[in-house]
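Below is entry-v5.tsv, holding TSV, C-alpha atoms.
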chain	number	residue	atom	x	y	z
A	1	MET	CA	0.38	40.04	86.33
A	2	ASN	CA	-0.57	39.27	82.75
A	3	ASP	CA	-3.37	41.02	80.91
A	4	PHE	CA	-3.91	38.45	78.17
A	5	PRO	CA	-7.56	37.47	77.65
A	6	ARG	CA	-8.26	33.81	78.39
A	7	CYS	CA	-9.33	33.33	74.76
A	8	ASP	CA	-5.87	34.39	73.61
A	9	LEU	CA	-4.20	31.97	76.02
A	10	GLU	CA	-6.38	29.16	74.67
A	11	ALA	CA	-5.44	30.13	71.13
A	12	TYR	CA	-1.77	30.29	72.14
A	13	LEU	CA	-1.93	26.66	73.29
A	14	ASP	CA	-3.29	25.72	69.86
A	15	GLU	CA	-0.66	27.79	68.03
A	16	ALA	CA	-3.54	29.78	66.57
A	17	LEU	CA	-2.78	33.43	67.34
A	18	PRO	CA	-1.13	35.74	64.81
A	19	PRO	CA	2.68	35.27	64.93
A	20	GLU	CA	3.43	38.57	66.63
A	21	GLU	CA	0.96	37.81	69.43
A	22	MET	CA	2.29	34.28	69.84
A	23	ALA	CA	5.74	35.79	70.29
A	24	ARG	CA	4.42	38.34	72.79
A	25	ILE	CA	2.98	35.59	75.00
A	26	GLU	CA	6.15	33.51	74.66
A	27	ARG	CA	8.22	36.42	75.88
A	28	ALA	CA	5.85	37.16	78.76
A	29	VAL	CA	5.58	33.57	79.97
A	30	ARG	CA	9.34	33.36	80.52
A	31	GLU	CA	9.13	36.10	83.14
A	32	ASP	CA	5.70	35.54	84.62
A	33	ALA	CA	5.10	32.42	86.71
A	34	ALA	CA	1.41	33.34	87.11
A	35	LEU	CA	0.98	33.39	83.34
A	36	MET	CA	2.61	29.97	83.13
A	37	ARG	CA	0.16	28.67	85.76
A	38	SER	CA	-2.77	30.19	83.83
A	39	LEU	CA	-1.71	28.35	80.70
A	40	ALA	CA	-1.25	25.10	82.63
A	41	SER	CA	-4.68	25.54	84.21
A	42	ILE	CA	-6.33	26.01	80.82
A	43	HIS	CA	-4.52	22.96	79.53
A	44	ALA	CA	-5.74	20.91	82.51
A	45	ARG	CA	-9.29	22.23	82.12
A	46	ARG	CA	-9.34	20.99	78.56
A	47	GLY	CA	-8.44	17.56	79.84
A	48	GLU	CA	-11.54	17.72	82.03
A	49	GLY	CA	-13.72	18.38	79.01
A	50	ILE	CA	-14.86	21.92	79.79
A	51	HIS	CA	-16.06	23.63	76.63
A	52	THR	CA	-15.56	27.26	75.69
A	53	LEU	CA	-17.24	29.12	72.87
A	54	GLY	CA	-14.04	30.62	71.56
A	55	GLU	CA	-12.26	27.28	71.29
A	56	ILE	CA	-15.12	25.66	69.43
A	57	TRP	CA	-15.61	28.67	67.16
A	58	ARG	CA	-11.91	28.97	66.38
A	59	GLN	CA	-11.04	25.29	66.08
A	60	ARG	CA	-14.02	24.57	63.84
A	61	ARG	CA	-13.48	27.79	61.92
A	62	LEU	CA	-17.17	28.56	62.07
A	63	SER	CA	-16.96	32.00	60.47
A	64	CYS	CA	-13.90	31.60	58.26
A	65	PRO	CA	-14.47	32.67	54.65
A	66	THR	CA	-13.94	29.97	52.04
A	67	ARG	CA	-10.86	29.77	49.86
A	68	GLN	CA	-13.02	30.78	46.88
A	69	GLN	CA	-14.19	33.87	48.75
A	70	PHE	CA	-10.58	34.79	49.48
A	71	GLY	CA	-9.74	34.39	45.80
A	72	SER	CA	-12.60	36.69	44.82
A	73	TRP	CA	-11.60	39.13	47.54
A	74	LEU	CA	-8.07	39.36	46.16
A	75	LEU	CA	-9.51	40.05	42.72
A	76	GLY	CA	-11.81	42.69	44.15
A	77	ALA	CA	-14.81	40.76	42.82
A	78	ILE	CA	-16.88	40.35	45.94
A	79	ASP	CA	-19.81	41.94	47.72
A	80	GLU	CA	-18.77	45.02	49.69
A	81	ASP	CA	-20.10	43.81	53.05
A	82	LEU	CA	-18.41	40.43	52.72
A	83	ALA	CA	-15.18	42.13	51.62
A	84	ARG	CA	-15.26	44.28	54.73
A	85	TYR	CA	-15.92	41.25	56.92
A	86	ILE	CA	-13.03	39.30	55.36
A	87	ALA	CA	-10.66	42.17	56.13
A	88	PHE	CA	-11.98	42.27	59.69
A	89	HIS	CA	-11.62	38.50	60.17
A	90	VAL	CA	-8.06	38.43	58.87
A	91	GLU	CA	-6.72	41.70	60.24
A	92	VAL	CA	-8.65	42.37	63.44
A	93	VAL	CA	-9.58	38.88	64.64
A	94	GLY	CA	-6.24	37.75	63.19
A	95	CYS	CA	-7.36	34.30	62.11
A	96	ARG	CA	-4.07	32.51	61.60
A	97	TYR	CA	-5.50	29.84	59.27
A	98	CYS	CA	-7.07	32.44	57.01
A	99	GLN	CA	-3.89	34.50	57.06
A	100	ALA	CA	-2.05	31.40	55.81
A	101	ASN	CA	-4.58	30.81	53.04
A	102	LEU	CA	-4.34	34.40	51.96
A	103	ALA	CA	-0.54	34.36	51.96
A	104	ASP	CA	-0.63	31.21	49.83
A	105	LEU	CA	-3.08	32.71	47.34
A	106	ARG	CA	-0.96	35.86	47.08
A	107	THR	CA	2.13	33.74	46.38
A	108	GLN	CA	0.22	31.92	43.64
A	109	GLN	CA	-0.82	35.26	42.16
A	110	ASP	CA	2.84	36.26	42.10
A	111	GLY	CA	3.53	33.32	39.79
A	112	ALA	CA	5.87	31.22	41.93
A	113	GLU	CA	4.38	28.03	40.47
A	114	GLN	CA	7.63	26.33	39.39
A	115	VAL	CA	9.10	26.64	42.89
A	116	ALA	CA	5.91	25.13	44.29
A	117	VAL	CA	6.04	22.21	41.86
A	118	THR	CA	9.58	21.38	42.99
A	119	ARG	CA	8.48	21.52	46.62
A	120	ARG	CA	5.47	19.32	45.98
A	121	ARG	CA	7.61	16.68	44.29
A	122	LYS	CA	9.92	16.68	47.30
A	123	TYR	CA	6.99	16.26	49.71
A	124	PHE	CA	5.54	13.53	47.54
A	125	GLN	CA	8.78	11.59	47.27
A	126	SER	CA	9.44	11.76	50.99
A	127	SER	CA	5.94	10.68	52.01
A	128	ALA	CA	4.66	8.31	49.32
A	129	GLY	CA	6.33	5.37	51.05
A	130	TYR	CA	3.79	5.78	53.85
A	131	LEU	CA	0.90	5.55	51.41
A	132	LYS	CA	-0.80	2.20	51.44
A	133	ALA	CA	-4.27	0.96	50.70
A	134	GLU	CA	-6.21	0.06	53.83
A	135	GLY	CA	-6.89	-3.31	52.23
A	136	GLY	CA	-3.25	-3.58	51.06
A	137	GLY	CA	-1.52	-2.43	47.85
A	138	ARG	CA	-0.94	0.93	46.16
A	139	LYS	CA	-1.79	2.41	42.79
A	140	GLY	CA	-0.92	5.39	40.60
A	141	LYS	CA	2.41	7.27	39.95
B	142	MET	CA	-18.90	29.79	54.74
B	143	ALA	CA	-18.75	26.00	54.63
B	144	ALA	CA	-15.69	23.90	53.81
B	145	PRO	CA	-15.80	21.61	50.77
B	146	VAL	CA	-16.20	18.48	52.87
B	147	GLU	CA	-17.63	16.32	50.06
B	148	THR	CA	-14.70	16.96	47.70
B	149	ASP	CA	-12.34	16.24	50.56
B	150	ALA	CA	-14.14	13.00	51.40
B	151	LEU	CA	-13.70	11.76	47.85
B	152	LEU	CA	-10.01	12.60	47.88
B	153	ILE	CA	-9.54	10.85	51.22
B	154	ARG	CA	-11.32	7.76	49.95
B	155	ARG	CA	-8.89	7.55	47.01
B	156	ILE	CA	-5.90	8.05	49.30
B	157	ARG	CA	-7.20	5.31	51.58
B	158	GLU	CA	-7.24	3.05	48.51
B	159	GLY	CA	-3.53	3.78	48.04
B	160	ASP	CA	-3.99	6.09	45.03
B	161	SER	CA	-0.74	8.04	44.73
B	162	ASP	CA	-2.23	10.51	42.22
B	163	ALA	CA	-4.75	11.46	44.89
B	164	TRP	CA	-1.93	11.83	47.41
B	165	TYR	CA	-0.07	14.20	45.08
B	166	GLU	CA	-3.29	16.13	44.56
B	167	LEU	CA	-3.70	16.57	48.32
B	168	ILE	CA	-0.11	17.77	48.63
B	169	ALA	CA	-0.58	20.23	45.77
B	170	ARG	CA	-3.78	21.58	47.28
B	171	PHE	CA	-2.58	22.12	50.80
B	172	GLU	CA	1.19	22.54	50.93
B	173	GLY	CA	1.21	26.26	50.17
B	174	ARG	CA	-1.13	27.22	53.00
B	175	LEU	CA	0.63	24.87	55.44
B	176	LEU	CA	3.98	26.38	54.50
B	177	ALA	CA	2.63	29.90	55.03
B	178	PHE	CA	1.15	28.88	58.40
B	179	ILE	CA	4.41	27.37	59.64
B	180	GLU	CA	6.84	29.85	58.10
B	181	SER	CA	5.07	32.78	59.72
B	182	ARG	CA	6.46	31.40	63.00
B	183	THR	CA	9.73	29.74	62.09
B	184	ARG	CA	10.78	32.67	59.88
B	185	HIS	CA	13.05	30.11	58.27
B	186	ARG	CA	12.07	28.61	54.92
B	187	SER	CA	13.96	25.32	55.01
B	188	ALA	CA	12.83	24.53	58.58
B	189	ALA	CA	9.26	25.34	57.53
B	190	GLU	CA	9.50	23.03	54.52
B	191	ASP	CA	10.79	20.22	56.75
B	192	LEU	CA	7.83	20.70	59.08
B	193	VAL	CA	5.37	20.63	56.16
B	194	GLN	CA	6.99	17.38	55.08
B	195	GLU	CA	6.54	15.99	58.62
B	196	THR	CA	2.94	17.15	58.55
B	197	PHE	CA	2.18	15.14	55.41
B	198	ILE	CA	3.88	12.05	56.83
B	199	GLY	CA	1.96	12.56	60.08
B	200	PHE	CA	-1.25	12.78	58.08
B	201	LEU	CA	-0.63	9.47	56.32
B	202	THR	CA	0.36	7.65	59.50
B	203	SER	CA	-2.74	8.94	61.30
B	204	LEU	CA	-5.08	8.37	58.36
B	205	PRO	CA	-6.67	5.19	59.79
B	206	ASN	CA	-7.92	7.31	62.72
B	207	PHE	CA	-9.06	10.31	60.65
B	208	ASP	CA	-12.79	11.01	60.94
B	209	GLY	CA	-13.88	11.79	57.37
B	210	ARG	CA	-16.64	14.09	58.65
B	211	ARG	CA	-13.97	16.52	59.91
B	212	PRO	CA	-12.83	19.24	57.54
B	213	LEU	CA	-9.58	18.08	55.99
B	214	GLU	CA	-7.92	21.48	56.07
B	215	GLY	CA	-8.54	21.87	59.79
B	216	TYR	CA	-7.08	18.44	60.44
B	217	LEU	CA	-3.94	19.23	58.45
B	218	PHE	CA	-3.53	22.56	60.25
B	219	SER	CA	-3.83	20.78	63.61
B	220	ILE	CA	-1.07	18.31	62.67
B	221	ALA	CA	1.06	21.21	61.40
B	222	ALA	CA	0.49	23.07	64.69
B	223	HIS	CA	1.69	20.06	66.69
B	224	LYS	CA	4.81	19.71	64.55
B	225	LEU	CA	5.45	23.43	64.88
B	226	ILE	CA	5.01	23.39	68.67
B	227	ASP	CA	7.52	20.53	68.96
B	228	TYR	CA	9.96	22.46	66.80
B	229	LEU	CA	9.58	25.68	68.81
B	230	ARG	CA	10.14	23.75	72.04
B	231	ARG	CA	13.30	22.18	70.64
B	232	GLU	CA	14.46	25.66	69.64
B	233	GLY	CA	13.80	26.90	73.18
B	234	ARG	CA	11.24	29.45	72.00
B	235	ARG	CA	8.16	27.81	73.46
B	236	PRO	CA	8.29	26.89	77.16
B	237	MET	CA	7.00	23.54	78.43
B	238	LEU	CA	3.93	23.81	80.67
B	239	PRO	CA	4.04	22.36	84.19
B	240	LEU	CA	1.59	19.55	84.92
B	241	LEU	CA	-1.15	20.49	87.36
B	242	PRO	CA	-2.82	17.99	89.70
B	243	ALA	CA	-6.09	16.47	88.50
B	244	GLY	CA	-9.09	18.68	89.17
B	245	SER	CA	-7.12	21.91	89.26
B	246	GLY	CA	-7.91	22.98	85.73
B	247	ALA	CA	-11.47	24.10	86.21
B	248	SER	CA	-11.06	26.08	89.41
B	249	SER	CA	-11.48	29.47	87.78
B	250	TRP	CA	-14.54	28.23	85.91
B	251	ASP	CA	-16.52	26.54	88.64
B	252	PRO	CA	-19.80	28.32	89.21
B	253	VAL	CA	-20.32	30.49	92.25
B	254	GLY	CA	-22.87	29.13	94.70
B	255	GLY	CA	-24.20	25.64	95.15
B	256	ALA	CA	-23.97	24.37	91.58
B	257	ARG	CA	-21.89	21.30	91.00
B	258	PRO	CA	-18.34	22.07	89.77
B	259	ALA	CA	-17.80	21.01	86.18
B	260	SER	CA	-14.67	19.07	87.11
B	261	SER	CA	-16.72	16.81	89.40
B	262	ILE	CA	-18.99	15.62	86.61
B	263	ALA	CA	-17.67	12.33	85.30
B	264	ARG	CA	-18.43	12.03	81.59
B	265	SER	CA	-17.30	9.70	78.89
B	266	GLY	CA	-15.33	10.93	75.90
B	267	GLU	CA	-18.40	10.26	73.80
B	268	ARG	CA	-20.55	12.39	76.10
B	269	ARG	CA	-18.06	15.27	75.92
B	270	HIS	CA	-18.09	14.98	72.16
B	271	LEU	CA	-21.88	15.20	72.09
B	272	GLU	CA	-21.80	18.30	74.30
B	273	GLU	CA	-19.27	19.96	72.04
B	274	GLU	CA	-21.29	19.06	68.96
B	275	ALA	CA	-24.41	20.57	70.52
B	276	LEU	CA	-22.67	23.84	71.34
B	277	ALA	CA	-21.05	23.95	67.90
B	278	ALA	CA	-24.45	23.41	66.26
B	279	ALA	CA	-25.92	26.26	68.31
B	280	LEU	CA	-23.03	28.53	67.30
B	281	VAL	CA	-23.43	27.62	63.63
B	282	GLN	CA	-27.13	28.43	63.87
B	283	GLN	CA	-26.39	31.85	65.35
B	284	ILE	CA	-23.65	32.67	62.83
B	285	ASP	CA	-25.90	31.57	59.93
B	286	HIS	CA	-28.65	33.73	61.35
B	287	PHE	CA	-26.33	36.76	61.26
B	288	LEU	CA	-25.12	35.98	57.75
B	289	ARG	CA	-28.61	35.44	56.31
B	290	ARG	CA	-29.74	38.79	57.66
B	291	GLY	CA	-26.54	40.62	56.79
B	292	GLN	CA	-25.97	41.37	60.48
B	293	TRP	CA	-22.23	41.82	60.08
B	294	GLU	CA	-21.89	44.08	63.07
B	295	ARG	CA	-23.37	41.44	65.38
B	296	LEU	CA	-21.13	38.77	63.90
B	297	GLU	CA	-18.04	40.93	64.32
B	298	CYS	CA	-19.06	41.84	67.84
B	299	ALA	CA	-19.54	38.17	68.85
B	300	GLU	CA	-16.22	37.25	67.28
B	301	LEU	CA	-14.35	39.96	69.19
B	302	LEU	CA	-16.02	39.04	72.48
B	303	PHE	CA	-15.89	35.26	72.30
B	304	VAL	CA	-13.04	34.37	69.95
B	305	ARG	CA	-10.61	37.10	71.02
B	306	GLY	CA	-11.96	37.79	74.50
B	307	TRP	CA	-12.17	41.56	74.06
B	308	SER	CA	-14.00	43.60	76.67
B	309	ASN	CA	-17.33	45.22	75.84
B	310	LYS	CA	-15.59	48.58	75.90
B	311	ALA	CA	-12.84	47.54	73.50
B	312	ALA	CA	-15.32	45.90	71.12
B	313	ALA	CA	-17.57	48.98	71.19
B	314	SER	CA	-14.62	51.22	70.40
B	315	ARG	CA	-13.43	49.03	67.51
B	316	LEU	CA	-16.89	48.71	65.99
B	317	GLY	CA	-17.83	52.34	66.58
B	318	ILE	CA	-20.96	51.49	68.54
B	319	GLY	CA	-22.09	52.09	72.12
B	320	GLU	CA	-21.13	49.80	75.00
B	321	GLN	CA	-24.81	49.26	75.73
B	322	THR	CA	-25.31	47.99	72.18
B	323	VAL	CA	-22.44	45.54	72.66
B	324	ALA	CA	-23.96	44.41	75.96
B	325	ASN	CA	-27.31	43.86	74.25
B	326	TYR	CA	-25.75	41.85	71.42
B	327	LYS	CA	-23.87	39.77	73.95
B	328	PHE	CA	-26.95	39.13	76.07
B	329	GLU	CA	-29.00	38.00	73.06
B	330	PHE	CA	-26.21	35.78	71.76
B	331	ILE	CA	-25.71	34.07	75.12
B	332	ALA	CA	-29.46	33.68	75.61
B	333	ALA	CA	-29.79	31.89	72.28
B	334	LEU	CA	-26.96	29.51	73.16
B	335	ARG	CA	-28.35	28.85	76.62
B	336	ALA	CA	-31.70	27.96	75.08
B	337	ALA	CA	-29.95	25.50	72.78
B	338	VAL	CA	-28.12	23.90	75.72
B	339	ARG	CA	-31.37	23.64	77.68
B	340	SER	CA	-33.25	22.12	74.76
B	341	GLN	CA	-30.62	19.38	74.52
B	342	ARG	CA	-30.89	18.75	78.28
B	343	LEU	CA	-27.13	19.21	78.66
B	344	PRO	CA	-25.57	20.00	82.07
B	345	GLU	CA	-24.99	23.74	82.53
B	346	ALA	CA	-21.77	23.12	84.46
B	347	VAL	CA	-19.89	21.95	81.38
B	348	PHE	CA	-20.59	25.27	79.64
B	349	PRO	CA	-19.59	27.61	82.50
B	350	GLU	CA	-18.93	30.50	80.15
B	351	LEU	CA	-22.61	30.72	79.25
B	352	TYR	CA	-23.53	31.27	82.86
B	353	GLN	CA	-20.72	33.61	83.91
B	354	GLN	CA	-21.15	36.24	81.23
B	355	SER	CA	-23.26	39.22	82.12
Rewritten as structure tokens:
Amino acid sequence: MNDFPRCDLEAYLDEALPPEEMARIERAVREDAALMRSLASIHARRGEGIHTLGEIWRQRRLSCPTRQQFGSWLLGAIDEDLARYIAFHVEVVGCRYCQANLADLRTQQDGAEQVAVTRRRKYFQSSAGYLKAEGGGRKGK
Amino acid sequence: MAAPVETDALLIRRIREGDSDAWYELIARFEGRLLAFIESRTRHRSAAEDLVQETFIGFLTSLPNFDGRRPLEGYLFSIAAHKLIDYLRREGRRPMLPLLPAGSGASSWDPVGGARPASSIARSGERRHLEEEALAAALVQQIDHFLRRGQWERLECAELLFVRGWSNKAAASRLGIGEQTVANYKFEFIAALRAAVRSQRLPEAVFPELYQQS
């Protein structure tokens, strides 16, 4: 019998839980047929268009701080209440998207810019062939 | 806590015109966070970089269907999540879900008593979208209300209860408040959302959560 809240199972389906909790559910589902059925049931329910608050809140990121707020938070230049909320949102709620933003900003702070530029060029070169104007043609670089 | 939708819209317009400088700009803006998102699960840098690359290609191929009113970052994360899920399945880390027969998904949500089960209500995709928009608008209104008044405790409480599915007891313990306070916050939050659903004349059965919480 699994004890995962339904909200967490919904987030698992969206790949939206913190990594360690994603892994915990993955381990559990291999040994628990009932958990597998719960996940399948949630998946089917979504197909029927049933709405849940958590899904809408999480998918639309209704309370996620902005990237600018994260930047200020890292610099310690933010209102105390908001700073406390940001820590709560990232560490307690475990918002995976905000964790990613924060990790990225921390990497930038660490000065890994040249590595990033190399990566960006690689992404650009491998994808630019798919870029085309909706009316035809291409411009730039 | 709004996303910069207008800036994104301008960038998307330029990309739709085939502007490769704009495309590079989008890559530069988003690749770091996408890489962090994916690598936290692959724990393998080169696999993560490949998936980010696939995400950007997926974005361009799906661009004709992208709704410019959607936040760009959220859309990119959703493509990245799909690429990541495929990868984890190929690696044998993420099990495939069995298919359930039609109508079986809502069984645990159908209301007790004589109300019509949600799964029996035939609705168009457009109708479902409108319902979701209405609930999202009501949530935004409530969250803004908390933010404007500095009611951080209420916001955190709602987030624990509805986004993470914590029990009243667990939320009370984490926030250092009484269970009755949590119950009161929850009641008021649900009541406000129910009022919004009623004012839009939307069917209660498609928001079962609002009518099952106590």
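Using all atoms listed in the file, the smallest distance between any of B:Gly233, B:Gly159, B:Pro205, B:Gly266 and chain A comes from B:Gly159.
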Min atom-atom distance to Val304 of chain B from the set A:Ser38, A:Gly71, A:Gly94, A:Leu82, counting all atoms listed in the file, belongs to A:Gly94
Students should find that atom CA of Gly317 of chain B and atom CA of Leu334 of chain B are spaced 25.5 Å
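Between Val281 of chain B and the candidates A:Arg84, A:Arg60, A:Arg120, A:Arg24, the tightest atom-to-atom separation, counting only C-alpha atoms, involves A:Arg60.
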Counting only C-alpha atoms, what are the residues of chain B within 6 Å of chain A, and for each of them which pair of atoms is the nearest and at what distance in Å, to one decimal? Sort the table by chain and rising number, as a Markdown table.
| residue | atom | partner | partner_atom | distance |
| --- | --- | --- | --- | --- |
| B:Met142 | CA | A:Pro65 | CA | 5.3 |
| B:Arg157 | CA | A:Ala133 | CA | 5.3 |
| B:Glu158 | CA | A:Ala133 | CA | 4.2 |
| B:Gly159 | CA | A:Ala133 | CA | 3.9 |
| B:Asp160 | CA | A:Lys139 | CA | 4.8 |
| B:Ser161 | CA | A:Gly140 | CA | 4.9 |
| B:Asp162 | CA | A:Gly140 | CA | 5.5 |
| B:Gly173 | CA | A:Asp104 | CA | 5.3 |
| B:Arg174 | CA | A:Asn101 | CA | 5.0 |
| B:Ala177 | CA | A:Ala100 | CA | 5.0 |
| B:Phe178 | CA | A:Ala100 | CA | 4.8 |
| B:Arg182 | CA | A:Pro19 | CA | 5.7 |
| B:Gln194 | CA | A:Tyr123 | CA | 5.5 |
| B:Ile198 | CA | A:Ser127 | CA | 5.4 |
| B:Ala222 | CA | A:Glu15 | CA | 5.9 |
| B:Leu238 | CA | A:Ala40 | CA | 5.7 |
| B:Gly246 | CA | A:Arg45 | CA | 3.9 |
| B:Ala247 | CA | A:Arg45 | CA | 5.0 |
| B:Phe303 | CA | A:Gly54 | CA | 5.0 |
| B:Val304 | CA | A:Gly54 | CA | 4.2 |
| B:Arg305 | CA | A:Cys7 | CA | 5.5 |
| B:Gly306 | CA | A:Cys7 | CA | 5.2 |
| B:Val347 | CA | A:Ile50 | CA | 5.3 |
| B:Phe348 | CA | A:His51 | CA | 5.7 |
One-decimal distance in Å that lies between atom CA of Arg290 of chain B and atom CA of Ala87 of chain A: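 Those two atoms sit 19.4 Å apart.
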Could you please determine the separation between atom CA of Asn309 of chain B and atom CA of Ala278 of chain B in Å, to one decimal place?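 We find that atom CA of Asn309 of chain B and atom CA of Ala278 of chain B lie 24.9 Å from each other.
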Every residue with an atom at most 10 Å from (-3.7, 21.4, 60.1) (file coordinates; all atoms listed in the file) is what I'm after, so could you write them as number ranges by chain? A: 97; B: 171, 174-175, 178, 193, 196-197, 200, 212-224
Checklist entry - Which of these residues is nearest to Ala83 of chain A, using all atoms listed in the file: A:Phe70, A:Val115, A:Ala28, A:Glu21? => result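 Of A:Phe70, A:Val115, A:Ala28, A:Glu21, the one nearest Ala83 of chain A, counting all atoms listed in the file, is A:Phe70.
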Of B:Glu232, B:Glu274, B:Ile168, B:Arg268, the one nearest to Arg211 of chain B when counting all atoms listed in the file is B:Glu274
Worksheet entry | Which residue of B:Glu166, B:Arg339, B:Thr183, B:Gly291 approaches Arg234 of chain B most closely, using all atoms listed in the file |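 Of all the options, B:Thr183 lies closest to Arg234 of chain B.
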Write out as a compact mmCIF listing (two decimals) with C-alpha atoms, in the frame of the given file the residues lying within 9 Å of Ala337 of chain B, counting all atoms listed in the file and excluding same-chain residues fewer than 6 positions away.
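Below is the file that was written, around.txt:
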# COMPACT_ATOMS: atom_id res chain seq x y z
CA ALA B 275 -24.41 20.57 70.52
CA LEU B 276 -22.67 23.84 71.34
CA ALA B 278 -24.45 23.41 66.26
CA ALA B 279 -25.92 26.26 68.31
